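> Structure below; questions to follow.
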Amino acid sequence: MFTSTDLISTSYSSPSPAAKIFARHKVVAMPPVMDRWQCNHTASDVRFIRNDEWIRREAVGSQGDPARFSMLDRAGIEKYAPGILDWEDWILRLAREVTGMDLILSPWYRSSVNVRKYVGDDTEGRHLDTQPLAALLFLQQGAPLRVECEEGTVDIESIPGRIVLMKGDELIHSVPPGPTDFYSCRIGVCFNLYTTDNTARPAYIDKMLYENMSYEDATR
Ligand SMILES: [Fe+2]
């Protein structure tokens, strides 16, 4: 039976098992490679940012499902948790190595690196991304990442320090409602990576994300 264990790479031996998993499934969950203390430290910095400093999304997503979560865009990260940006180049190198893709950092300032927070029944419905690769780093455990692979649908636990590399433009994914406890809300960082020949970002995406528009209104 296909389970999330099939997507978890457990070692760095060569040839990289992570690369093999990615080549086969278009998604791989790396072992918790970031330092646990650093993740906790960053998560607590982020957790106590005032509610009105977050960008709140509460609308209907591209597949008609609700999208309810809070975000910090790159400017918010620069202001409140700038240490996150120190990880960007390292994440890019890791992602290049594992995926073999000709990846570059996002040329789109605001969306290049975002923190996402899912508290209580926050959720994000089934959708595809527009950027060629998503690198997700979990800082605090809460709702899992649900990925619909060819072989079946799996929930990847949001274990702090874990990095998931995913072709989110090809695999439908979502965030189901998670635990309701304040301290177990999921906090994660999305690094949006592009390729040298694909840096397109349709305007409707940012209207949805940062102006809280529904998919229907944003694409009108
Ligand atoms: Fe996504």
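Residues in the structure tokens are numbered from 1 in each chain, the chains being A, B, ... in the order shown, and ligands are numbered from 1 in the order shown.
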Mind checking which residues fall within 12 Å of Lys79 of chain A, counting only C-alpha atoms, ignoring those fewer than 4 positions away in the same chain, and posting them as a PyMOL selection string?

chain A and resi 45-46+49+53-54+72-75+83-85

> Write the selection just made, keeping N, CA and C atoms, as an mmCIF file, in the first residue's frame?


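Ended up saving to part-v9.cif:
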data_model
loop_
_atom_site.group_PDB
_atom_site.id
_atom_site.type_symbol
_atom_site.label_atom_id
_atom_site.label_comp_id
_atom_site.auth_asym_id
_atom_site.auth_seq_id
_atom_site.Cartn_x
_atom_site.Cartn_y
_atom_site.Cartn_z
ATOM 1 N N ASP A 45 9.123 33.195 17.703
ATOM 2 C CA ASP A 45 9.163 34.590 17.213
ATOM 3 C C ASP A 45 7.898 34.901 16.418
ATOM 4 N N VAL A 46 7.581 33.979 15.525
ATOM 5 C CA VAL A 46 6.480 34.177 14.585
ATOM 6 C C VAL A 46 5.123 34.088 15.290
ATOM 7 N N ILE A 49 3.667 37.314 16.821
ATOM 8 C CA ILE A 49 3.416 38.511 16.001
ATOM 9 C C ILE A 49 1.930 38.857 16.125
ATOM 10 N N GLU A 53 -0.893 42.060 12.085
ATOM 11 C CA GLU A 53 0.292 42.137 11.210
ATOM 12 C C GLU A 53 0.267 41.027 10.154
ATOM 13 N N TRP A 54 -0.619 40.043 10.340
ATOM 14 C CA TRP A 54 -0.714 38.942 9.390
ATOM 15 C C TRP A 54 -1.630 39.318 8.240
ATOM 16 N N LEU A 72 2.605 35.788 6.230
ATOM 17 C CA LEU A 72 3.537 36.918 6.212
ATOM 18 C C LEU A 72 4.163 36.900 4.839
ATOM 19 N N ASP A 73 4.182 38.012 4.148
ATOM 20 C CA ASP A 73 4.887 38.050 2.872
ATOM 21 C C ASP A 73 6.368 38.342 3.150
ATOM 22 N N ARG A 74 7.152 38.514 2.107
ATOM 23 C CA ARG A 74 8.592 38.699 2.340
ATOM 24 C C ARG A 74 8.883 39.937 3.185
ATOM 25 N N ALA A 75 8.099 40.989 2.966
ATOM 26 C CA ALA A 75 8.315 42.215 3.751
ATOM 27 C C ALA A 75 8.057 41.940 5.232
ATOM 28 N N GLY A 83 15.783 36.036 10.080
ATOM 29 C CA GLY A 83 16.662 34.865 10.057
ATOM 30 C C GLY A 83 16.225 33.836 9.023
ATOM 31 N N ILE A 84 14.928 33.792 8.734
ATOM 32 C CA ILE A 84 14.396 32.835 7.744
ATOM 33 C C ILE A 84 15.061 33.043 6.388
ATOM 34 N N LEU A 85 15.338 34.309 6.080
ATOM 35 C CA LEU A 85 15.892 34.605 4.747
ATOM 36 C C LEU A 85 17.333 34.110 4.596
#

> Name the residues, by chain letter and number, that sit within 7 Å of ligand 1 using only C-alpha atoms and all ligand atoms, and give them as number ranges by chain.

A: 127-129, 168, 173-174

> Would you pick out the contacts of Leu139 of chain A at 6 Å or less, using only C-alpha atoms, so that residues sharing its chain but fewer than 6 positions from it are not included, and give the list as a PyMOL selection string?

chain A and resi 39+43+160+187-188

> Please write the residues from the selection above to a file, keeping N, CA and C atoms, as a PDB file, in the first residue's frame.


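Final output, saved to selection-v4.pdb:
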ATOM      1  N   CYS A  39      14.315  25.996  14.716  1.00  0.00           N
ATOM      2  CA  CYS A  39      12.918  25.988  14.263  1.00  0.00           C
ATOM      3  C   CYS A  39      11.996  26.462  15.369  1.00  0.00           C
ATOM      4  N   ALA A  43       9.761  29.686  15.296  1.00  0.00           N
ATOM      5  CA  ALA A  43       8.305  29.516  15.436  1.00  0.00           C
ATOM      6  C   ALA A  43       7.776  30.403  16.564  1.00  0.00           C
ATOM      7  N   PRO A 160       8.528  19.627  12.658  1.00  0.00           N
ATOM      8  CA  PRO A 160       9.448  20.775  12.616  1.00  0.00           C
ATOM      9  C   PRO A 160      10.833  20.381  12.089  1.00  0.00           C
ATOM     10  N   ILE A 187       2.899  26.083  11.565  1.00  0.00           N
ATOM     11  CA  ILE A 187       3.617  27.235  11.030  1.00  0.00           C
ATOM     12  C   ILE A 187       4.671  26.693  10.078  1.00  0.00           C
ATOM     13  N   GLY A 188       4.661  27.196   8.877  1.00  0.00           N
ATOM     14  CA  GLY A 188       5.627  26.722   7.894  1.00  0.00           C
ATOM     15  C   GLY A 188       6.080  27.857   6.990  1.00  0.00           C
TER      16      GLY A 188
END

> Could you go through segment 109-185 of chain A and tell me which residues DSSP, when run on the backbone, assigns to strand (DSSP E or B), listing them as a ChimeraX atom specification?

/A:113-118,123-127,133-140,145-149,152-156,163-166,173-175

> Kindly give the distance, in Å, that separates atom CA of Lys117 of chain A and atom CA of Ala18 of chain A, rounded to a single decimal.

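Going from atom CA of Lys117 of chain A over to atom CA of Ala18 of chain A covers 26.6 Å.
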
> Compile the contact shell of Glu211 of chain A as a list in words: residues with an atom at most 9 Å away, counting only C-alpha atoms, same-chain residues fewer than 2 positions apart removed.

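Counting only C-alpha atoms, the residues come to Ile55, Arg56, Arg57, Asp206, Lys207, Met208, Leu209 and Met213 of chain A.
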
> Selected residues, N, CA and C atoms, written as a compact mmCIF listing (two decimals), in the first residue's frame, please.


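Now in part_28.txt:
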# COMPACT_ATOMS: atom_id res chain seq x y z
N ILE A 55 -1.36 38.76 7.08
CA ILE A 55 -2.28 38.91 5.94
C ILE A 55 -3.24 37.73 6.04
N ARG A 56 -4.51 38.05 6.18
CA ARG A 56 -5.49 36.99 6.40
C ARG A 56 -6.20 36.66 5.09
N ARG A 57 -6.22 35.38 4.78
CA ARG A 57 -6.97 34.96 3.60
C ARG A 57 -8.19 34.16 4.06
N ASP A 206 -1.65 36.54 -6.95
CA ASP A 206 -1.38 37.51 -5.89
C ASP A 206 -2.64 38.27 -5.46
N LYS A 207 -3.59 38.40 -6.38
CA LYS A 207 -4.88 39.00 -5.99
C LYS A 207 -5.57 38.10 -4.98
N MET A 208 -5.47 36.79 -5.21
CA MET A 208 -6.08 35.85 -4.26
C MET A 208 -5.35 35.91 -2.92
N LEU A 209 -4.04 35.80 -2.98
CA LEU A 209 -3.26 35.68 -1.75
C LEU A 209 -3.27 36.95 -0.91
N MET A 213 -8.99 37.72 -2.53
CA MET A 213 -10.07 37.57 -3.52
C MET A 213 -10.34 36.09 -3.76

> Let me make sure I understand: among A:Pro132, A:Phe138, A:Leu171, A:Asn192, which one has the smallest atom-to-atom distance to Glu157 of chain A if we use only C-alpha atoms?

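Smallest separation from Glu157 of chain A among the options: A:Phe138.
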
> Run DSSP on the backbone and grab whatever in segment 14-59 of chain A lands in alpha helix (DSSP H); send it over as a PyMOL selection string.

chain A and resi 17-25+36-47

> Suppose we keep N, CA and C atoms; can you now write the selection as a PDB file, in the first residue's frame?


ATOM      1  N   PRO A  17      18.782   8.945  -2.105  1.00  0.00           N
ATOM      2  CA  PRO A  17      17.441   8.367  -2.101  1.00  0.00           C
ATOM      3  C   PRO A  17      16.377   9.442  -2.305  1.00  0.00           C
ATOM      4  N   ALA A  18      16.659  10.649  -1.813  1.00  0.00           N
ATOM      5  CA  ALA A  18      15.699  11.743  -1.970  1.00  0.00           C
ATOM      6  C   ALA A  18      15.476  12.035  -3.448  1.00  0.00           C
ATOM      7  N   ALA A  19      16.572  12.032  -4.222  1.00  0.00           N
ATOM      8  CA  ALA A  19      16.468  12.302  -5.658  1.00  0.00           C
ATOM      9  C   ALA A  19      15.634  11.223  -6.342  1.00  0.00           C
ATOM     10  N   LYS A  20      15.825   9.995  -5.932  1.00  0.00           N
ATOM     11  CA  LYS A  20      15.062   8.887  -6.536  1.00  0.00           C
ATOM     12  C   LYS A  20      13.573   9.023  -6.217  1.00  0.00           C
ATOM     13  N   ILE A  21      13.266   9.346  -4.964  1.00  0.00           N
ATOM     14  CA  ILE A  21      11.855   9.498  -4.570  1.00  0.00           C
ATOM     15  C   ILE A  21      11.227  10.649  -5.348  1.00  0.00           C
ATOM     16  N   PHE A  22      11.974  11.752  -5.476  1.00  0.00           N
ATOM     17  CA  PHE A  22      11.430  12.910  -6.201  1.00  0.00           C
ATOM     18  C   PHE A  22      11.197  12.562  -7.672  1.00  0.00           C
ATOM     19  N   ALA A  23      12.172  11.869  -8.271  1.00  0.00           N
ATOM     20  CA  ALA A  23      12.049  11.516  -9.691  1.00  0.00           C
ATOM     21  C   ALA A  23      10.826  10.634  -9.924  1.00  0.00           C
ATOM     22  N   ARG A  24      10.525   9.805  -8.967  1.00  0.00           N
ATOM     23  CA  ARG A  24       9.410   8.871  -9.140  1.00  0.00           C
ATOM     24  C   ARG A  24       8.054   9.499  -8.782  1.00  0.00           C
ATOM     25  N   HIS A  25       8.021  10.283  -7.693  1.00  0.00           N
ATOM     26  CA  HIS A  25       6.726  10.752  -7.177  1.00  0.00           C
ATOM     27  C   HIS A  25       6.488  12.254  -7.347  1.00  0.00           C
ATOM     28  N   ARG A  36      16.418  21.680  15.243  1.00  0.00           N
ATOM     29  CA  ARG A  36      15.144  21.727  15.946  1.00  0.00           C
ATOM     30  C   ARG A  36      15.024  22.986  16.818  1.00  0.00           C
ATOM     31  N   TRP A  37      16.117  23.335  17.470  1.00  0.00           N
ATOM     32  CA  TRP A  37      16.105  24.509  18.348  1.00  0.00           C
ATOM     33  C   TRP A  37      15.844  25.779  17.542  1.00  0.00           C
ATOM     34  N   GLN A  38      16.512  25.841  16.397  1.00  0.00           N
ATOM     35  CA  GLN A  38      16.356  27.024  15.543  1.00  0.00           C
ATOM     36  C   GLN A  38      14.909  27.141  15.030  1.00  0.00           C
ATOM     37  N   CYS A  39      14.315  25.996  14.716  1.00  0.00           N
ATOM     38  CA  CYS A  39      12.918  25.988  14.263  1.00  0.00           C
ATOM     39  C   CYS A  39      11.996  26.462  15.369  1.00  0.00           C
ATOM     40  N   ASN A  40      12.200  25.930  16.579  1.00  0.00           N
ATOM     41  CA  ASN A  40      11.356  26.330  17.719  1.00  0.00           C
ATOM     42  C   ASN A  40      11.491  27.818  17.998  1.00  0.00           C
ATOM     43  N   HIS A  41      12.718  28.269  17.948  1.00  0.00           N
ATOM     44  CA  HIS A  41      13.021  29.665  18.220  1.00  0.00           C
ATOM     45  C   HIS A  41      12.304  30.565  17.199  1.00  0.00           C
ATOM     46  N   THR A  42      12.422  30.197  15.938  1.00  0.00           N
ATOM     47  CA  THR A  42      11.787  30.983  14.878  1.00  0.00           C
ATOM     48  C   THR A  42      10.272  30.896  14.998  1.00  0.00           C
ATOM     49  N   ALA A  43       9.761  29.686  15.296  1.00  0.00           N
ATOM     50  CA  ALA A  43       8.305  29.516  15.436  1.00  0.00           C
ATOM     51  C   ALA A  43       7.776  30.403  16.564  1.00  0.00           C
ATOM     52  N   SER A  44       8.537  30.499  17.658  1.00  0.00           N
ATOM     53  CA  SER A  44       8.007  31.313  18.761  1.00  0.00           C
ATOM     54  C   SER A  44       8.097  32.800  18.427  1.00  0.00           C
ATOM     55  N   ASP A  45       9.123  33.195  17.703  1.00  0.00           N
ATOM     56  CA  ASP A  45       9.163  34.590  17.213  1.00  0.00           C
ATOM     57  C   ASP A  45       7.898  34.901  16.418  1.00  0.00           C
ATOM     58  N   VAL A  46       7.581  33.979  15.525  1.00  0.00           N
ATOM     59  CA  VAL A  46       6.480  34.177  14.585  1.00  0.00           C
ATOM     60  C   VAL A  46       5.123  34.088  15.290  1.00  0.00           C
ATOM     61  N   ARG A  47       5.037  33.191  16.261  1.00  0.00           N
ATOM     62  CA  ARG A  47       3.760  32.919  16.924  1.00  0.00           C
ATOM     63  C   ARG A  47       3.231  34.143  17.658  1.00  0.00           C
TER      64      ARG A  47
END

> Would you work out the distance separating atom CA of Glu170 of chain A from atom CA of Gly120 of chain A, expressed in Å to one decimal?

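If I compute the distance from atom CA of Glu170 of chain A to atom CA of Gly120 of chain A, I get 28.2 Å.
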
> Compare A:Thr219, A:Ser70, A:Asn212, A:Thr195 by their minimum atom-to-atom distance to Gly100 of chain A, counting only C-alpha atoms, and give me the closest one.

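Closest residue, counting only C-alpha atoms: A:Thr195.
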
> When you draw a straight line from atom CA of Thr196 of chain A to atom CA of Leu136 of chain A, how long is it in Å?

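According to the coordinates, atom CA of Thr196 of chain A and atom CA of Leu136 of chain A are separated by 20.3 Å.
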
> Can you tell me which residues surround Leu137 of chain A at a distance of at most 7 Å, considering only C-alpha atoms, apart from same-chain residues fewer than 4 positions away, and format the answer as JSON, numbers by chain?

{"A": [161, 162, 163, 164, 188, 189, 190]}

> Keeping only C-alpha atoms, write the selected residues as a tab-separated table (two decimals), in the first residue's frame.


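Wrote it out as again35.tsv, contents follow:
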chain	number	residue	atom	x	y	z
A	161	GLY	CA	12.66	20.92	10.60
A	162	ARG	CA	11.28	18.78	7.79
A	163	ILE	CA	11.56	20.12	4.25
A	164	VAL	CA	9.18	18.96	1.55
A	188	GLY	CA	5.63	26.72	7.89
A	189	VAL	CA	7.71	28.63	5.38
A	190	CYS	CA	7.11	28.34	1.62

> Might you pull out every residue within 10 Å of Val60 of chain A, with only C-alpha atoms counted and same-chain residues fewer than 2 positions away left off, and present them as a short mmCIF file (atom, residue, chain, number, x, y, z; two decimals) with N, CA and C atoms, in the first residue's frame?


data_model
loop_
_atom_site.label_atom_id
_atom_site.label_comp_id
_atom_site.auth_asym_id
_atom_site.auth_seq_id
_atom_site.Cartn_x
_atom_site.Cartn_y
_atom_site.Cartn_z
N ARG A 57 -6.22 35.38 4.78
CA ARG A 57 -6.97 34.96 3.60
C ARG A 57 -8.19 34.16 4.06
N GLU A 58 -9.36 34.60 3.60
CA GLU A 58 -10.59 33.87 3.90
C GLU A 58 -11.48 34.00 2.69
N SER A 62 -9.40 27.90 -5.94
CA SER A 62 -9.60 27.58 -7.35
C SER A 62 -10.52 26.38 -7.59
N GLN A 63 -10.61 25.47 -6.61
CA GLN A 63 -11.46 24.29 -6.81
C GLN A 63 -12.78 24.41 -6.06
N GLY A 64 -13.09 25.63 -5.59
CA GLY A 64 -14.36 25.83 -4.88
C GLY A 64 -14.28 25.52 -3.40
N ASP A 65 -13.10 25.14 -2.90
CA ASP A 65 -12.94 24.84 -1.47
C ASP A 65 -12.57 26.12 -0.71
N PRO A 66 -12.83 26.14 0.62
CA PRO A 66 -12.44 27.32 1.39
C PRO A 66 -10.93 27.44 1.53
N ALA A 67 -10.44 28.66 1.59
CA ALA A 67 -9.02 28.93 1.88
C ALA A 67 -9.01 29.86 3.08
N ARG A 68 -8.55 29.35 4.22
CA ARG A 68 -8.51 30.15 5.46
C ARG A 68 -7.16 29.94 6.11
N GLU A 124 -6.63 24.86 3.62
CA GLU A 124 -6.45 25.33 2.25
C GLU A 124 -6.91 24.20 1.34
N GLY A 125 -7.89 24.48 0.52
CA GLY A 125 -8.49 23.45 -0.32
C GLY A 125 -7.55 22.93 -1.39
N MET A 208 -5.47 36.79 -5.21
CA MET A 208 -6.08 35.85 -4.26
C MET A 208 -5.35 35.91 -2.92
N ASN A 212 -7.07 38.85 -0.77
CA ASN A 212 -8.15 38.00 -0.25
C ASN A 212 -9.31 37.86 -1.25
N MET A 213 -8.99 37.72 -2.53
CA MET A 213 -10.07 37.57 -3.52
C MET A 213 -10.34 36.09 -3.76
N SER A 214 -11.55 35.78 -4.14
CA SER A 214 -11.86 34.40 -4.53
C SER A 214 -11.22 34.16 -5.89
N TYR A 215 -11.08 32.91 -6.25
CA TYR A 215 -10.50 32.57 -7.56
C TYR A 215 -11.34 33.19 -8.67
N GLU A 216 -12.66 33.10 -8.49
CA GLU A 216 -13.57 33.62 -9.51
C GLU A 216 -13.37 35.13 -9.73
N ASP A 217 -13.30 35.88 -8.64
CA ASP A 217 -13.13 37.34 -8.76
C ASP A 217 -11.73 37.69 -9.28
#
